[in-house]
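Undergrad: Coordinates in structure.tsv, TSV, C-alpha atoms, are listed below.
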chain	number	residue	atom	x	y	z
A	1	MET	CA	4.61	-23.78	23.73
A	2	SER	CA	2.24	-26.44	22.43
A	3	ASN	CA	1.53	-27.06	18.75
A	4	GLU	CA	-2.02	-25.77	19.24
A	5	GLU	CA	-0.71	-22.52	20.75
A	6	GLN	CA	1.77	-22.12	17.90
A	7	GLU	CA	-0.95	-22.76	15.34
A	8	GLY	CA	-3.18	-20.17	17.05
A	9	ILE	CA	-0.42	-17.56	16.88
A	10	LYS	CA	0.14	-18.40	13.20
A	11	GLN	CA	-3.58	-18.21	12.41
A	12	ARG	CA	-4.02	-14.78	13.98
A	13	ALA	CA	-0.79	-13.24	12.72
A	14	TYR	CA	-1.07	-14.67	9.21
A	15	ALA	CA	-4.67	-13.50	8.85
A	16	GLU	CA	-3.79	-10.01	10.06
A	17	SER	CA	-0.64	-9.76	7.92
A	18	MET	CA	-2.55	-10.89	4.84
A	19	ARG	CA	-5.30	-8.38	5.63
A	20	TYR	CA	-2.65	-5.66	5.54
A	21	MET	CA	-1.29	-7.02	2.24
A	22	ASN	CA	-4.77	-7.17	0.72
A	23	ASN	CA	-5.41	-3.58	1.79
A	24	ALA	CA	-2.05	-2.57	0.33
A	25	LYS	CA	-2.82	-4.26	-3.00
A	26	GLU	CA	-6.23	-2.58	-3.11
A	27	THR	CA	-4.64	0.81	-2.44
A	28	LEU	CA	-1.96	0.21	-5.07
A	29	GLN	CA	-4.64	-0.44	-7.69
A	30	LYS	CA	-5.87	3.11	-7.13
A	31	ALA	CA	-2.42	4.41	-8.15
A	32	ASN	CA	-3.05	3.40	-11.79
A	33	LYS	CA	-0.21	2.12	-13.92
A	34	GLU	CA	1.12	3.68	-17.10
A	35	ASP	CA	4.23	2.36	-18.89
A	36	ASN	CA	5.40	0.37	-15.84
A	37	PHE	CA	5.10	3.39	-13.54
A	38	TYR	CA	2.36	4.17	-11.05
A	39	THR	CA	0.84	7.56	-11.73
A	40	ASP	CA	-0.23	8.56	-8.20
A	41	LYS	CA	2.58	8.72	-5.66
A	42	LYS	CA	0.20	9.14	-2.71
A	43	TYR	CA	-1.37	5.72	-3.22
A	44	VAL	CA	2.01	4.07	-3.79
A	45	ARG	CA	3.31	5.51	-0.53
A	46	THR	CA	0.23	4.42	1.39
A	47	ALA	CA	0.31	0.91	-0.09
A	48	CYS	CA	4.01	0.46	0.65
A	49	GLY	CA	3.60	1.63	4.24
A	50	THR	CA	0.69	-0.73	4.78
A	51	ALA	CA	2.56	-3.69	3.26
A	52	TYR	CA	5.63	-2.97	5.40
A	53	ASN	CA	3.47	-2.94	8.54
A	54	GLY	CA	2.13	-6.35	7.50
A	55	VAL	CA	5.73	-7.59	7.34
A	56	LEU	CA	6.42	-6.31	10.85
A	57	LEU	CA	3.33	-8.09	12.19
A	58	ALA	CA	4.50	-11.33	10.60
A	59	LEU	CA	8.03	-10.90	11.98
A	60	ASP	CA	6.70	-10.27	15.49
A	61	ALA	CA	4.80	-13.57	15.33
A	62	TYR	CA	7.75	-15.42	13.77
A	63	PHE	CA	10.07	-14.16	16.50
A	64	GLU	CA	7.57	-15.16	19.17
A	65	LEU	CA	7.37	-18.66	17.71
A	66	LYS	CA	11.18	-18.89	17.68
A	67	GLY	CA	11.46	-17.72	21.30
A	68	VAL	CA	13.09	-14.37	20.56
A	69	THR	CA	12.96	-12.00	23.51
A	70	MET	CA	11.03	-8.94	22.43
A	71	PRO	CA	11.75	-5.45	23.76
A	72	PRO	CA	9.34	-4.11	26.38
A	73	LYS	CA	6.01	-3.02	24.90
A	74	LYS	CA	6.71	0.64	25.71
A	75	LYS	CA	10.01	0.54	23.83
A	76	HIS	CA	9.95	1.10	20.07
A	77	LYS	CA	11.29	-1.80	18.00
A	78	SER	CA	13.81	-0.50	15.50
A	79	ILE	CA	14.83	-1.96	12.16
A	80	GLU	CA	18.13	-2.82	13.85
A	81	PHE	CA	16.27	-5.10	16.27
A	82	TYR	CA	14.50	-6.87	13.42
A	83	THR	CA	17.66	-7.13	11.32
A	84	ILE	CA	19.81	-8.52	14.13
A	85	GLU	CA	17.23	-11.07	15.23
A	86	ALA	CA	16.43	-12.16	11.66
A	87	GLY	CA	20.15	-12.58	10.98
A	88	LYS	CA	20.53	-14.81	14.05
A	89	LEU	CA	17.69	-17.05	12.87
A	90	ASP	CA	18.09	-17.30	9.11
A	91	GLY	CA	20.27	-15.63	6.48
A	92	LYS	CA	17.56	-15.77	3.81
A	93	LEU	CA	15.05	-14.13	6.16
A	94	SER	CA	17.59	-11.39	6.80
A	95	LYS	CA	17.96	-10.75	3.05
A	96	GLU	CA	14.19	-10.72	2.51
A	97	LEU	CA	13.78	-8.29	5.41
A	98	HIS	CA	16.45	-6.02	4.00
A	99	SER	CA	14.69	-6.01	0.62
A	100	ALA	CA	11.25	-5.39	2.12
A	101	TYR	CA	12.60	-2.62	4.35
A	102	ARG	CA	14.57	-0.92	1.61
A	103	ILE	CA	11.92	-1.18	-1.12
A	104	LEU	CA	8.68	-0.81	0.81
A	105	HIS	CA	9.66	1.43	3.69
A	106	ILE	CA	12.46	3.60	2.32
A	107	ASP	CA	11.98	3.65	-1.47
A	108	GLY	CA	8.20	3.22	-1.63
A	109	TYR	CA	6.96	4.95	1.50
A	110	TYR	CA	9.52	7.69	2.10
A	111	GLU	CA	10.93	8.33	-1.37
A	112	GLY	CA	7.75	7.63	-3.34
A	113	VAL	CA	9.39	5.43	-5.99
A	114	GLN	CA	6.74	4.75	-8.63
A	115	LYS	CA	8.35	2.08	-10.83
A	116	ALA	CA	5.96	-0.88	-10.77
A	117	ASP	CA	8.64	-3.60	-11.02
A	118	VAL	CA	10.46	-2.20	-7.99
A	119	ILE	CA	7.30	-2.05	-5.89
A	120	LYS	CA	6.34	-5.57	-7.00
A	121	SER	CA	9.70	-6.92	-5.81
A	122	GLY	CA	9.07	-5.34	-2.40
A	123	PHE	CA	5.66	-6.99	-2.24
A	124	ASP	CA	7.26	-10.31	-3.24
A	125	SER	CA	9.70	-10.04	-0.33
A	126	ALA	CA	6.82	-9.21	1.99
A	127	TYR	CA	4.89	-12.29	0.89
A	128	ASP	CA	7.98	-14.47	1.35
A	129	ILE	CA	8.36	-13.25	4.93
A	130	ILE	CA	4.66	-13.67	5.72
A	131	ALA	CA	4.70	-17.20	4.26
A	132	ARG	CA	6.99	-18.23	7.14
A	133	ILE	CA	4.07	-18.02	9.54
A	134	LYS	CA	1.48	-19.60	7.27
A	135	PRO	CA	-0.65	-21.95	9.37
A	136	ILE	CA	-1.55	-25.49	8.38
A	137	HIS	CA	-5.17	-24.49	7.78
A	138	VAL	CA	-5.60	-20.96	6.48
A	139	ILE	CA	-8.74	-19.14	7.53
A	140	GLU	CA	-10.19	-17.13	4.65
A	141	LEU	CA	-10.62	-13.44	5.35
A	142	PRO	CA	-13.73	-11.50	4.39
A	143	PRO	CA	-13.09	-8.87	1.73
A	144	ALA	CA	-11.99	-5.42	2.85
A	145	LYS	CA	-14.87	-3.09	3.69
A	146	SER	CA	-14.16	-0.80	0.78
A	147	SER	CA	-14.39	-3.78	-1.62
A	148	VAL	CA	-17.82	-4.64	-0.27
A	149	LEU	CA	-18.93	-1.02	-0.57
A	150	ASN	CA	-17.60	-0.80	-4.13
A	151	LYS	CA	-19.49	-3.98	-5.10
A	152	MET	CA	-22.69	-2.66	-3.52
A	153	PHE	CA	-22.23	0.66	-5.29
A	154	THR	CA	-21.81	-1.02	-8.70
A	155	LEU	CA	-24.84	-3.24	-8.07
A	156	PHE	CA	-27.12	-0.31	-7.35
A	157	PHE	CA	-25.80	2.27	-9.82
Using structure tokens, write down the structure from this file.
TA:
Amino acid sequence: MSNEEQEGIKQRAYAESMRYMNNAKETLQKANKEDNFYTDKKYVRTACGTAYNGVLLALDAYFELKGVTMPPKKKHKSIEFYTIEAGKLDGKLSKELHSAYRILHIDGYYEGVQKADVIKSGFDSAYDIIARIKPIHVIELPPAKSSVLNKMFTLFF
């Protein structure tokens, strides 16, 4: 694979992963914080699920860049697949994945943990994983649609 092809994969995957993370952060802001706890579990769960999906997008691109054979498109990729392949490539990546999976997917999404420090550490792990596919020249993303609508709403009312 040429450097240009690799950079194209990085550009697309990084932009999409960061779009997920931006949407997750925006959703998390709706959860409101009080005494280091989010007050609305629904928004925490949604934000954590969105952030975790951003991690999976980044890992798919990272594995593609490293030449990892992916399962057939019709077959569901399990956390075991991601964990095994990450462990083969890099021990630190494996630890970050374990943290992101445990905090964002299990604790945040399924269990609805609302402690802000815990959720932040999951987001930190997500950003560390996504940073592995950061392209040389980052393309800036437009703001999320809801941000634009909120700005328009505040301008007119």
Undergrad: Env of Leu89 (chain A): 10 Å cut, atoms = all atoms listed in the file, seq-sep filter 5 positions within chain, self excluded. Answer as number ranges by chain.
TA: A: 63, 66, 68, 84, 94
Undergrad: Using only C-alpha atoms, please write the residues we just selected to a file, as a short mmCIF file (atom, residue, chain, number, x, y, z; two decimals), in the frame of the given file.
TA:
data_model
loop_
_atom_site.label_atom_id
_atom_site.label_comp_id
_atom_site.auth_asym_id
_atom_site.auth_seq_id
_atom_site.Cartn_x
_atom_site.Cartn_y
_atom_site.Cartn_z
CA PHE A 63 10.07 -14.16 16.50
CA LYS A 66 11.18 -18.89 17.68
CA VAL A 68 13.09 -14.37 20.56
CA ILE A 84 19.81 -8.52 14.13
CA SER A 94 17.59 -11.39 6.80
#
Undergrad: Pick from A:Arg12, A:Asn23, A:Asn36, A:Ser17: nearest to Asp128 (chain A), with only C-alpha atoms counted?
TA: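 For Asp128 (chain A), the nearest of the given residues is A:Ser17.
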Undergrad: Considering all atoms listed in the file, state which residue in the set A:Ile129, A:Leu28, A:Leu104, A:Val113 is at the smallest distance from Asp60 (chain A).
TA: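 The closest residue to Asp60 (chain A) is A:Ile129.
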Undergrad: So which residues are close to (3.1, 3.3, -7.8), meaning at most 6 Å away in the file's coordinates with only C-alpha atoms counted, and can you show them as a PDB file with C-alpha atoms, in the frame of the given file?
TA:
ATOM      1  CA  ALA A  31      -2.420   4.410  -8.150  1.00  0.00           C
ATOM      2  CA  TYR A  38       2.360   4.170 -11.050  1.00  0.00           C
ATOM      3  CA  LYS A  41       2.580   8.720  -5.660  1.00  0.00           C
ATOM      4  CA  VAL A  44       2.010   4.070  -3.790  1.00  0.00           C
ATOM      5  CA  GLN A 114       6.740   4.750  -8.630  1.00  0.00           C
ATOM      6  CA  ALA A 116       5.960  -0.880 -10.770  1.00  0.00           C
TER       7      ALA A 116
END
Undergrad: So how far away is CA of Tyr62 (chain A) from CA of Arg132 (chain A), in Å?
TA: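 For CA of Arg132 (chain A) relative to CA of Tyr62 (chain A), the distance reads 7.2 Å.
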Undergrad: Find, counting all atoms listed in the file, the residue in A:Lys115, A:His105, A:Ile136, A:Ser99 that gets nearest to Cys48 (chain A).
TA: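 Of A:Lys115, A:His105, A:Ile136, A:Ser99, the one nearest Cys48 (chain A) is A:His105, counting all atoms listed in the file.
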Undergrad: Scan for residues within 8 Å of the point (3.5, -10.6, 1.2) in the coordinates of the file, using only C-alpha atoms, and reply as an MDAnalysis selection string.
TA: chainID A and resid 17:18 21 51 54:55 123:131
Undergrad: Skipping near chain neighbours, those fewer than 5 positions away, what residues fall within 9 Å of Ala86 (chain A) using all atoms listed in the file, listed as a list in words?
TA: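 Residues meeting the cut-off are Leu59, Phe63, Phe81, Gly91, Lys92, Leu93, Ser94, Lys95 and Leu97 of chain A.
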Undergrad: With distances taken over all atoms listed in the file, which of A:Met1, A:Ala24, A:Ile133, A:Ala61 is nearest to Tyr109 (chain A)?
TA: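 Closest residue, counting all atoms listed in the file: A:Ala24.
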Undergrad: Between CA of Ser2 (chain A) and CA of Tyr14 (chain A), what is the distance, to one decimal in Å?
TA: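 So the answer is 18.0 Å.
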Undergrad: Region 105-116 of chain A, all listed atoms, 6 Å padding on each side: what axis-aligned box centre and edge lengths in Å to one decimal come out, as JSON?
TA:
{"center_x": 9.2, "center_y": 3.7, "center_z": -3.6, "size_x": 18.5, "size_y": 21.2, "size_z": 26.5}
Undergrad: Would you mind reading off the distance between CA of Gly49 (chain A) and CA of Glu5 (chain A), one decimal, in Å?
TA: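 Atom-to-atom, CA of Gly49 (chain A) and CA of Glu5 (chain A) are spaced 29.6 Å apart.
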Undergrad: Which is closer to Gly67 (chain A) than all the others in A:Arg19, A:Lys88, A:Pro135, A:Ile119, using all atoms listed in the file?
TA: A:Lys88
Undergrad: Select, from A:Thr83, A:Ala100, A:Glu26, A:Glu16, the residue with the minimum atom-to-atom distance to Val118 (chain A), counting all atoms listed in the file.
TA: A:Ala100
